[in-house]
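**Student:** A single structure is presented below for examination.
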Amino acid sequence: MQIVVTGGLGFIGSHTVVELQNEGFEVIIIDNLSNSSRDVLDGIKSITGKSPIFEEFDLREKSKVQDFFKRYPNIKGVIHFAASKAVGESVQEPLLYYENNISSLVYLLQELKALPDANFIFSSSCTVYGQADELPISENAPVKPAESPYGNTKQIGEEILKDVCKIDAHFNAIALRYFNPIGAHSTAKIGELPIGVPQNLVPFITQTGAGLREKLSVFGDDYPTVDGTCIRDYIHVVDLAKAHVVALQRLIKSKHKSNFEVFNLGTGKGSSVLEVIQSFERVTDLKLNYQIVGRREGDVIAAYAETTKANQDLGWKAQLTLDDAMASAWKWEKQIRNIK
Ligand code: WQD
């Protein structure tokens, strides 16, 4: 069964390709290599022994998207990761984000419409909730006005899917709202490859541990939380990848009430920044050099998932712990920096 994974050479995409191949799916990756490398293909193959088909082009090129679907008429589903995802950059370059994240989605859906099986999984984000009024955050929590163009493209993407599914019953779509994906595959053959200075916490921690960064700046310790630092739901990327396979199988079996569903993907447990640092120090036996500095603009105080819907309707639950994720992230960092 052929499945398209856009952005399949990226962090979450590559881990999902591995789990799809483990389940026997034939994977076709579309990636424009703007935020990934062809070497990731070798990493995937070294884990599963199978080479996904790789098509290098930009989903903003409508004619290339049309040509692709002509060449692969038997696709059973699409998992759409390809998007720009840096919150800060999106504030500086909003039009880049609307063009890339919205037009690629529209071109894909226009082609999928013509296929017998229009199964579509959309990579969304807990960022749509902003600072939720209640914790843990359930799928019924109100979507708040986006705090960044990046977050807005996720909200708009979900609205586009909702409208398409409403008017075309043969469409089957699921939006997966990720909390904070971290970690790497246990083999350390694939992992997160941030370009330049990492914006996200965990790659910055591991790069500091590896000596690439002098110290971690902790953005504020005056929040109303257990230790004053922000709380997030850090989910192991392999657990997240497995959720995509389960969601795809749900679409293919069409075992669900409506043709558009949303699921939160998190562990259900919140961890503070200092608790993540303590986890890193525990699993590595290293002392992390960090300094408390001022708050970062746009950070929410706390966000962690209510996981009942994913547990009950998807039959999926995160299995790996924060320590598992930090240990895998560190193993990956050492692997790519040739640290023993
Ligand atoms: C986590 C916590 C920071 C870096 C973002 C996007 C979200 C998704 C994941 C794409 C916060 C603190 C961080 C640092 C720090 N992206 N921190 N020092 O902001 O929760 O989510 O990335 O899909 O959509 O919004 O993740 O890892 O940037 O921050 O203290 O150097 O770590 O303040 O409390 P975030 P993050």
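Going through the structure tokens in order, the chains are called A, B, and so on, while each chain numbers its residues from 1 and the ligands are numbered from 1 in the order shown.
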From a DSSP pass on the backbone, collect the residues of region 137-255 of chain A flagged as helix (DSSP H, G or I) and hand them back as a PyMOL selection string.

**Tutor:** chain A and resi 149-167+201-209+237-252

**Student:** Enumerate, in order of chain and increasing residue number, the residues of chain A with an atom no farther than 8 Å from ligand 1, each with its shortest atom pair and distance in Å to one decimal, counting only C-alpha atoms and all ligand atoms, as a Markdown table.

**Tutor:**
```
| residue | atom | partner | partner_atom_place_in_ligand_line | distance |
| --- | --- | --- | --- | --- |
| A:Lys85 | CA | ligand 1 | 10 (C) | 5.1 |
| A:Ala86 | CA | ligand 1 | 10 (C) | 6.5 |
| A:Val87 | CA | ligand 1 | 25 (O) | 6.0 |
| A:Ser124 | CA | ligand 1 | 23 (O) | 7.4 |
| A:Ser125 | CA | ligand 1 | 24 (O) | 5.5 |
| A:Cys126 | CA | ligand 1 | 24 (O) | 6.6 |
| A:Thr127 | CA | ligand 1 | 24 (O) | 5.0 |
| A:Tyr150 | CA | ligand 1 | 24 (O) | 7.7 |
| A:Gly151 | CA | ligand 1 | 24 (O) | 6.7 |
| A:Tyr178 | CA | ligand 1 | 23 (O) | 7.2 |
| A:Phe179 | CA | ligand 1 | 9 (C) | 6.9 |
| A:Asn180 | CA | ligand 1 | 9 (C) | 5.1 |
| A:Pro181 | CA | ligand 1 | 9 (C) | 6.8 |
| A:Pro198 | CA | ligand 1 | 31 (O) | 7.3 |
| A:Gln199 | CA | ligand 1 | 28 (O) | 5.4 |
| A:Asn200 | CA | ligand 1 | 27 (O) | 3.3 |
| A:Leu201 | CA | ligand 1 | 4 (C) | 3.7 |
| A:Val202 | CA | ligand 1 | 27 (O) | 6.3 |
| A:Phe204 | CA | ligand 1 | 31 (O) | 5.8 |
| A:Ile205 | CA | ligand 1 | 31 (O) | 7.6 |
| A:Leu216 | CA | ligand 1 | 31 (O) | 5.8 |
| A:Ser217 | CA | ligand 1 | 18 (N) | 5.1 |
| A:Val218 | CA | ligand 1 | 30 (O) | 3.5 |
| A:Phe219 | CA | ligand 1 | 30 (O) | 4.0 |
| A:Gly220 | CA | ligand 1 | 30 (O) | 6.9 |
| A:Thr229 | CA | ligand 1 | 34 (O) | 6.7 |
| A:Cys230 | CA | ligand 1 | 34 (O) | 4.3 |
| A:Ile231 | CA | ligand 1 | 34 (O) | 6.2 |
| A:Arg232 | CA | ligand 1 | 20 (O) | 6.1 |
| A:Ser272 | CA | ligand 1 | 34 (O) | 7.5 |
| A:Val273 | CA | ligand 1 | 32 (O) | 5.6 |
| A:Arg295 | CA | ligand 1 | 33 (O) | 6.9 |
| A:Arg296 | CA | ligand 1 | 33 (O) | 5.8 |
| A:Asp299 | CA | ligand 1 | 33 (O) | 5.8 |
| A:Val300 | CA | ligand 1 | 34 (O) | 7.3 |
| A:Ile301 | CA | ligand 1 | 34 (O) | 7.2 |
| A:Ala302 | CA | ligand 1 | 34 (O) | 7.9 |
| A:Ala303 | CA | ligand 1 | 20 (O) | 7.9 |
```

**Student:** What separation in Å, quoted to one decimal, exists between CA of Pro203 (chain A) and CA of Thr284 (chain A)?

**Tutor:**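 Computed distance, CA of Pro203 (chain A) to CA of Thr284 (chain A), equals 14.5 Å.
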
**Student:** Among region 57-214 of chain A, which residues carry a DSSP assignment of strand (DSSP E or B), reported as an mmCIF file with C-alpha atoms, in the first residue's frame?

**Tutor:**
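And here's result35.cif as it stands now:
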```
data_model
loop_
_atom_site.group_PDB
_atom_site.id
_atom_site.type_symbol
_atom_site.label_atom_id
_atom_site.label_comp_id
_atom_site.auth_asym_id
_atom_site.auth_seq_id
_atom_site.Cartn_x
_atom_site.Cartn_y
_atom_site.Cartn_z
ATOM 1 C CA ILE A 75 -1.689 6.257 -3.432
ATOM 2 C CA LYS A 76 -3.733 5.215 -0.377
ATOM 3 C CA GLY A 77 -2.963 8.201 1.809
ATOM 4 C CA VAL A 78 -0.868 11.290 2.458
ATOM 5 C CA ILE A 79 0.832 12.322 5.705
ATOM 6 C CA HIS A 80 1.669 16.001 5.322
ATOM 7 C CA ALA A 118 -8.441 10.545 -0.124
ATOM 8 C CA ASN A 119 -6.918 9.761 3.280
ATOM 9 C CA PHE A 120 -5.014 12.733 4.690
ATOM 10 C CA ILE A 121 -3.134 13.310 7.924
ATOM 11 C CA PHE A 122 -2.266 16.886 8.779
ATOM 12 C CA SER A 123 0.620 17.852 11.035
ATOM 13 C CA SER A 124 -0.892 20.391 13.398
ATOM 14 C CA SER A 125 0.259 21.766 16.728
ATOM 15 C CA ILE A 137 -5.779 20.666 27.292
ATOM 16 C CA PHE A 171 -12.268 12.790 1.979
ATOM 17 C CA ASN A 172 -11.029 11.337 5.264
ATOM 18 C CA ALA A 173 -8.786 13.586 7.316
ATOM 19 C CA ILE A 174 -7.211 13.703 10.761
ATOM 20 C CA ALA A 175 -5.373 16.684 12.230
ATOM 21 C CA LEU A 176 -2.778 15.669 14.814
ATOM 22 C CA ARG A 177 -1.976 18.441 17.303
ATOM 23 C CA TYR A 178 1.537 17.729 18.558
ATOM 24 C CA ASN A 180 6.547 19.147 22.137
ATOM 25 C CA PRO A 181 8.326 16.447 20.090
ATOM 26 C CA ILE A 182 11.819 15.564 21.390
#
```

**Student:** Determine, counting only C-alpha atoms, which protein, DNA and RNA residues have an atom within 12 Å of an atom of region 42-47 of chain A; residues of the same chain fewer than 5 positions away are not included. Present the result as a PyMOL selection string.

**Tutor:** chain A and resi 8-11+13-22+27+29+37+52-54+184-191+332+336

**Student:** Those selected residues, please, written with N, CA and C atoms and delivered as a PDB file, in the first residue's frame.

**Tutor:**
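Output saved as again-v7.pdb:
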```
ATOM      1  N   GLY A   8       9.217  14.093   4.515  1.00  0.00           N
ATOM      2  CA  GLY A   8       9.601  12.800   5.083  1.00  0.00           C
ATOM      3  C   GLY A   8      11.069  12.683   5.436  1.00  0.00           C
ATOM      4  N   LEU A   9      11.878  13.675   5.096  1.00  0.00           N
ATOM      5  CA  LEU A   9      13.295  13.655   5.512  1.00  0.00           C
ATOM      6  C   LEU A   9      13.508  14.584   6.700  1.00  0.00           C
ATOM      7  N   GLY A  10      12.455  15.128   7.222  1.00  0.00           N
ATOM      8  CA  GLY A  10      12.542  16.011   8.396  1.00  0.00           C
ATOM      9  C   GLY A  10      12.529  15.201   9.688  1.00  0.00           C
ATOM     10  N   PHE A  11      12.465  15.927  10.817  1.00  0.00           N
ATOM     11  CA  PHE A  11      12.606  15.276  12.126  1.00  0.00           C
ATOM     12  C   PHE A  11      11.464  14.281  12.385  1.00  0.00           C
ATOM     13  N   GLY A  13       8.967  13.578  10.308  1.00  0.00           N
ATOM     14  CA  GLY A  13       8.688  12.824   9.071  1.00  0.00           C
ATOM     15  C   GLY A  13       9.546  11.577   8.948  1.00  0.00           C
ATOM     16  N   SER A  14      10.827  11.706   9.204  1.00  0.00           N
ATOM     17  CA  SER A  14      11.730  10.546   9.023  1.00  0.00           C
ATOM     18  C   SER A  14      11.415   9.441  10.031  1.00  0.00           C
ATOM     19  N   HIS A  15      11.086   9.835  11.253  1.00  0.00           N
ATOM     20  CA  HIS A  15      10.729   8.824  12.258  1.00  0.00           C
ATOM     21  C   HIS A  15       9.416   8.139  11.895  1.00  0.00           C
ATOM     22  N   THR A  16       8.516   8.895  11.265  1.00  0.00           N
ATOM     23  CA  THR A  16       7.234   8.309  10.845  1.00  0.00           C
ATOM     24  C   THR A  16       7.442   7.363   9.659  1.00  0.00           C
ATOM     25  N   VAL A  17       8.337   7.724   8.747  1.00  0.00           N
ATOM     26  CA  VAL A  17       8.649   6.823   7.616  1.00  0.00           C
ATOM     27  C   VAL A  17       9.133   5.478   8.148  1.00  0.00           C
ATOM     28  N   VAL A  18      10.000   5.492   9.133  1.00  0.00           N
ATOM     29  CA  VAL A  18      10.516   4.240   9.730  1.00  0.00           C
ATOM     30  C   VAL A  18       9.366   3.393  10.271  1.00  0.00           C
ATOM     31  N   GLU A  19       8.466   4.014  11.007  1.00  0.00           N
ATOM     32  CA  GLU A  19       7.354   3.240  11.596  1.00  0.00           C
ATOM     33  C   GLU A  19       6.374   2.760  10.526  1.00  0.00           C
ATOM     34  N   LEU A  20       6.195   3.530   9.465  1.00  0.00           N
ATOM     35  CA  LEU A  20       5.325   3.081   8.351  1.00  0.00           C
ATOM     36  C   LEU A  20       5.944   1.866   7.664  1.00  0.00           C
ATOM     37  N   GLN A  21       7.235   1.935   7.431  1.00  0.00           N
ATOM     38  CA  GLN A  21       7.918   0.800   6.792  1.00  0.00           C
ATOM     39  C   GLN A  21       7.876  -0.431   7.700  1.00  0.00           C
ATOM     40  N   ASN A  22       8.030  -0.202   8.998  1.00  0.00           N
ATOM     41  CA  ASN A  22       7.939  -1.330   9.949  1.00  0.00           C
ATOM     42  C   ASN A  22       6.571  -2.002   9.877  1.00  0.00           C
ATOM     43  N   VAL A  27       6.538   3.489   1.178  1.00  0.00           N
ATOM     44  CA  VAL A  27       6.560   4.937   1.428  1.00  0.00           C
ATOM     45  C   VAL A  27       7.186   5.714   0.264  1.00  0.00           C
ATOM     46  N   ILE A  29       8.491   9.495  -0.316  1.00  0.00           N
ATOM     47  CA  ILE A  29       8.803  10.757   0.371  1.00  0.00           C
ATOM     48  C   ILE A  29       8.856  11.889  -0.651  1.00  0.00           C
ATOM     49  N   SER A  37      18.277  16.724   4.910  1.00  0.00           N
ATOM     50  CA  SER A  37      19.388  16.290   4.047  1.00  0.00           C
ATOM     51  C   SER A  37      19.095  14.912   3.462  1.00  0.00           C
ATOM     52  N   PRO A  52      12.873   4.108   1.024  1.00  0.00           N
ATOM     53  CA  PRO A  52      11.638   4.724   0.508  1.00  0.00           C
ATOM     54  C   PRO A  52      11.902   5.314  -0.879  1.00  0.00           C
ATOM     55  N   ILE A  53      10.860   5.441  -1.692  1.00  0.00           N
ATOM     56  CA  ILE A  53      10.993   6.193  -2.950  1.00  0.00           C
ATOM     57  C   ILE A  53      11.152   7.659  -2.553  1.00  0.00           C
ATOM     58  N   PHE A  54      12.081   8.366  -3.199  1.00  0.00           N
ATOM     59  CA  PHE A  54      12.291   9.777  -2.842  1.00  0.00           C
ATOM     60  C   PHE A  54      12.082  10.658  -4.060  1.00  0.00           C
ATOM     61  N   ALA A 184      15.095  11.020  19.797  1.00  0.00           N
ATOM     62  CA  ALA A 184      15.578  10.461  18.520  1.00  0.00           C
ATOM     63  C   ALA A 184      15.390   8.947  18.542  1.00  0.00           C
ATOM     64  N   HIS A 185      15.509   8.355  17.351  1.00  0.00           N
ATOM     65  CA  HIS A 185      15.369   6.900  17.253  1.00  0.00           C
ATOM     66  C   HIS A 185      16.467   6.231  18.104  1.00  0.00           C
ATOM     67  N   SER A 186      16.143   5.094  18.710  1.00  0.00           N
ATOM     68  CA  SER A 186      17.082   4.433  19.653  1.00  0.00           C
ATOM     69  C   SER A 186      18.400   4.052  18.978  1.00  0.00           C
ATOM     70  N   THR A 187      18.392   3.884  17.646  1.00  0.00           N
ATOM     71  CA  THR A 187      19.637   3.511  16.947  1.00  0.00           C
ATOM     72  C   THR A 187      20.568   4.705  16.754  1.00  0.00           C
ATOM     73  N   ALA A 188      20.049   5.917  16.977  1.00  0.00           N
ATOM     74  CA  ALA A 188      20.799   7.158  16.720  1.00  0.00           C
ATOM     75  C   ALA A 188      21.187   7.275  15.237  1.00  0.00           C
ATOM     76  N   LYS A 189      20.384   6.629  14.373  1.00  0.00           N
ATOM     77  CA  LYS A 189      20.642   6.748  12.919  1.00  0.00           C
ATOM     78  C   LYS A 189      19.875   7.934  12.323  1.00  0.00           C
ATOM     79  N   ILE A 190      18.808   8.355  13.028  1.00  0.00           N
ATOM     80  CA  ILE A 190      18.051   9.550  12.624  1.00  0.00           C
ATOM     81  C   ILE A 190      17.723  10.318  13.894  1.00  0.00           C
ATOM     82  N   GLY A 191      17.519  11.629  13.731  1.00  0.00           N
ATOM     83  CA  GLY A 191      17.212  12.478  14.883  1.00  0.00           C
ATOM     84  C   GLY A 191      16.934  13.888  14.402  1.00  0.00           C
ATOM     85  N   TRP A 332      21.983  10.674  20.171  1.00  0.00           N
ATOM     86  CA  TRP A 332      21.985  11.212  18.792  1.00  0.00           C
ATOM     87  C   TRP A 332      23.003  12.343  18.668  1.00  0.00           C
ATOM     88  N   ILE A 336      26.238  12.440  16.094  1.00  0.00           N
ATOM     89  CA  ILE A 336      26.499  13.385  14.982  1.00  0.00           C
ATOM     90  C   ILE A 336      27.738  14.260  15.272  1.00  0.00           C
TER      91      ILE A 336
END
```

**Student:** Give me the residues near Lys144 (chain A) as a PDB file with N, CA and C atoms, in the first residue's frame, where near means some atom within 7 Å (using only C-alpha atoms) and where sequence neighbours in that chain fewer than 3 positions away do not count.

**Tutor:**
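This is the output file selection_27.pdb:
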```
ATOM      1  N   VAL A 128      -2.154  25.918  18.520  1.00  0.00           N
ATOM      2  CA  VAL A 128      -3.480  26.478  18.178  1.00  0.00           C
ATOM      3  C   VAL A 128      -4.267  26.851  19.436  1.00  0.00           C
ATOM      4  N   TYR A 129      -3.909  26.264  20.566  1.00  0.00           N
ATOM      5  CA  TYR A 129      -4.637  26.556  21.805  1.00  0.00           C
ATOM      6  C   TYR A 129      -4.150  27.826  22.493  1.00  0.00           C
ATOM      7  N   GLY A 130      -2.963  28.307  22.089  1.00  0.00           N
ATOM      8  CA  GLY A 130      -2.378  29.449  22.808  1.00  0.00           C
ATOM      9  C   GLY A 130      -2.244  29.089  24.281  1.00  0.00           C
TER      10      GLY A 130
END
```

**Student:** Show me, as a list in words, the residues that have an atom within 8 Å of Asp239 (chain A) when counting only C-alpha atoms, minus same-chain residues fewer than 6 positions from it.

**Tutor:**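 The residues that qualify are Lys317, Ala318, Gln319 and Leu320 of chain A.
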
**Student:** Report as a PyMOL selection string all protein, DNA and RNA residues lying within 12 Å of Glu55 (chain A), evaluated on only C-alpha atoms, omitting residues in the same chain fewer than 4 positions from it.

**Tutor:** chain A and resi 4-9+27-33+38+41+59+64-65+67-69+71-72

**Student:** Give me a file of those residues, with N, CA, C and O atoms, as an mmCIF file, in the first residue's frame.

**Tutor:**
```
data_model
loop_
_atom_site.group_PDB
_atom_site.id
_atom_site.type_symbol
_atom_site.label_atom_id
_atom_site.label_comp_id
_atom_site.auth_asym_id
_atom_site.auth_seq_id
_atom_site.Cartn_x
_atom_site.Cartn_y
_atom_site.Cartn_z
ATOM 1 N N VAL A 4 2.176 8.520 0.791
ATOM 2 C CA VAL A 4 3.063 9.666 0.571
ATOM 3 C C VAL A 4 3.343 10.336 1.906
ATOM 4 O O VAL A 4 2.424 10.560 2.695
ATOM 5 N N VAL A 5 4.620 10.638 2.158
ATOM 6 C CA VAL A 5 4.995 11.399 3.354
ATOM 7 C C VAL A 5 5.700 12.665 2.883
ATOM 8 O O VAL A 5 6.841 12.610 2.390
ATOM 9 N N THR A 6 5.032 13.804 2.969
ATOM 10 C CA THR A 6 5.692 15.057 2.567
ATOM 11 C C THR A 6 6.535 15.532 3.754
ATOM 12 O O THR A 6 6.142 15.364 4.910
ATOM 13 N N GLY A 7 7.727 16.070 3.457
ATOM 14 C CA GLY A 7 8.629 16.432 4.550
ATOM 15 C C GLY A 7 9.155 15.192 5.245
ATOM 16 O O GLY A 7 9.531 15.213 6.411
ATOM 17 N N GLY A 8 9.217 14.093 4.515
ATOM 18 C CA GLY A 8 9.601 12.800 5.083
ATOM 19 C C GLY A 8 11.069 12.683 5.436
ATOM 20 O O GLY A 8 11.482 11.670 6.019
ATOM 21 N N LEU A 9 11.878 13.675 5.096
ATOM 22 C CA LEU A 9 13.295 13.655 5.512
ATOM 23 C C LEU A 9 13.508 14.584 6.700
ATOM 24 O O LEU A 9 14.631 14.794 7.147
ATOM 25 N N VAL A 27 6.538 3.489 1.178
ATOM 26 C CA VAL A 27 6.560 4.937 1.428
ATOM 27 C C VAL A 27 7.186 5.714 0.264
ATOM 28 O O VAL A 27 8.238 5.326 -0.260
ATOM 29 N N ILE A 28 6.506 6.790 -0.133
ATOM 30 C CA ILE A 28 7.061 7.729 -1.122
ATOM 31 C C ILE A 28 7.267 9.053 -0.397
ATOM 32 O O ILE A 28 6.305 9.633 0.129
ATOM 33 N N ILE A 29 8.491 9.495 -0.316
ATOM 34 C CA ILE A 29 8.803 10.757 0.371
ATOM 35 C C ILE A 29 8.856 11.889 -0.651
ATOM 36 O O ILE A 29 9.489 11.753 -1.703
ATOM 37 N N ILE A 30 8.191 12.983 -0.341
ATOM 38 C CA ILE A 30 8.378 14.234 -1.098
ATOM 39 C C ILE A 30 9.080 15.211 -0.149
ATOM 40 O O ILE A 30 8.605 15.444 0.965
ATOM 41 N N ASP A 31 10.206 15.748 -0.582
ATOM 42 C CA ASP A 31 10.913 16.710 0.269
ATOM 43 C C ASP A 31 11.709 17.659 -0.634
ATOM 44 O O ASP A 31 12.272 17.224 -1.645
ATOM 45 N N ASN A 32 11.742 18.948 -0.277
ATOM 46 C CA ASN A 32 12.536 19.882 -1.122
ATOM 47 C C ASN A 32 13.917 20.141 -0.520
ATOM 48 O O ASN A 32 14.651 21.019 -0.971
ATOM 49 N N LEU A 33 14.245 19.406 0.532
ATOM 50 C CA LEU A 33 15.566 19.481 1.194
ATOM 51 C C LEU A 33 15.871 20.872 1.733
ATOM 52 O O LEU A 33 17.042 21.222 1.963
ATOM 53 N N ARG A 38 19.604 14.677 2.283
ATOM 54 C CA ARG A 38 19.438 13.389 1.590
ATOM 55 C C ARG A 38 20.029 12.244 2.423
ATOM 56 O O ARG A 38 19.604 11.094 2.323
ATOM 57 N N LEU A 41 17.941 9.621 4.210
ATOM 58 C CA LEU A 41 17.486 8.406 3.502
ATOM 59 C C LEU A 41 18.343 7.211 3.924
ATOM 60 O O LEU A 41 17.821 6.117 4.170
ATOM 61 N N LEU A 59 6.553 21.629 -3.000
ATOM 62 C CA LEU A 59 5.084 21.530 -3.103
ATOM 63 C C LEU A 59 4.432 22.862 -3.474
ATOM 64 O O LEU A 59 3.239 22.913 -3.755
ATOM 65 N N LYS A 64 4.255 20.536 -10.531
ATOM 66 C CA LYS A 64 5.022 19.359 -10.078
ATOM 67 C C LYS A 64 4.149 18.469 -9.185
ATOM 68 O O LYS A 64 4.243 17.242 -9.214
ATOM 69 N N VAL A 65 3.277 19.100 -8.412
ATOM 70 C CA VAL A 65 2.355 18.312 -7.576
ATOM 71 C C VAL A 65 1.393 17.536 -8.482
ATOM 72 O O VAL A 65 1.159 16.334 -8.307
ATOM 73 N N ASP A 67 1.875 16.642 -11.603
ATOM 74 C CA ASP A 67 2.634 15.598 -12.324
ATOM 75 C C ASP A 67 2.893 14.408 -11.408
ATOM 76 O O ASP A 67 2.735 13.250 -11.802
ATOM 77 N N PHE A 68 3.208 14.693 -10.132
ATOM 78 C CA PHE A 68 3.492 13.606 -9.171
ATOM 79 C C PHE A 68 2.285 12.667 -9.060
ATOM 80 O O PHE A 68 2.406 11.440 -9.160
ATOM 81 N N PHE A 69 1.108 13.244 -8.870
ATOM 82 C CA PHE A 69 -0.074 12.385 -8.660
ATOM 83 C C PHE A 69 -0.460 11.632 -9.937
ATOM 84 O O PHE A 69 -1.088 10.572 -9.878
ATOM 85 N N ARG A 71 1.791 10.331 -11.828
ATOM 86 C CA ARG A 71 2.738 9.213 -11.870
ATOM 87 C C ARG A 71 2.461 8.175 -10.772
ATOM 88 O O ARG A 71 2.914 7.049 -10.831
ATOM 89 N N TYR A 72 1.711 8.567 -9.742
ATOM 90 C CA TYR A 72 1.396 7.617 -8.652
ATOM 91 C C TYR A 72 -0.116 7.590 -8.426
ATOM 92 O O TYR A 72 -0.612 8.164 -7.455
#
```

**Student:** So how far away is CA of Ala305 (chain A) from CA of Gly268 (chain A), in Å?

**Tutor:**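 Spanning CA of Gly268 (chain A) to CA of Ala305 (chain A) is a straight-line distance of 4.6 Å.
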
**Student:** State, in Å with one decimal place, the distance from CA of Thr267 (chain A) to CA of Leu248 (chain A).

**Tutor:** 19.8 Å
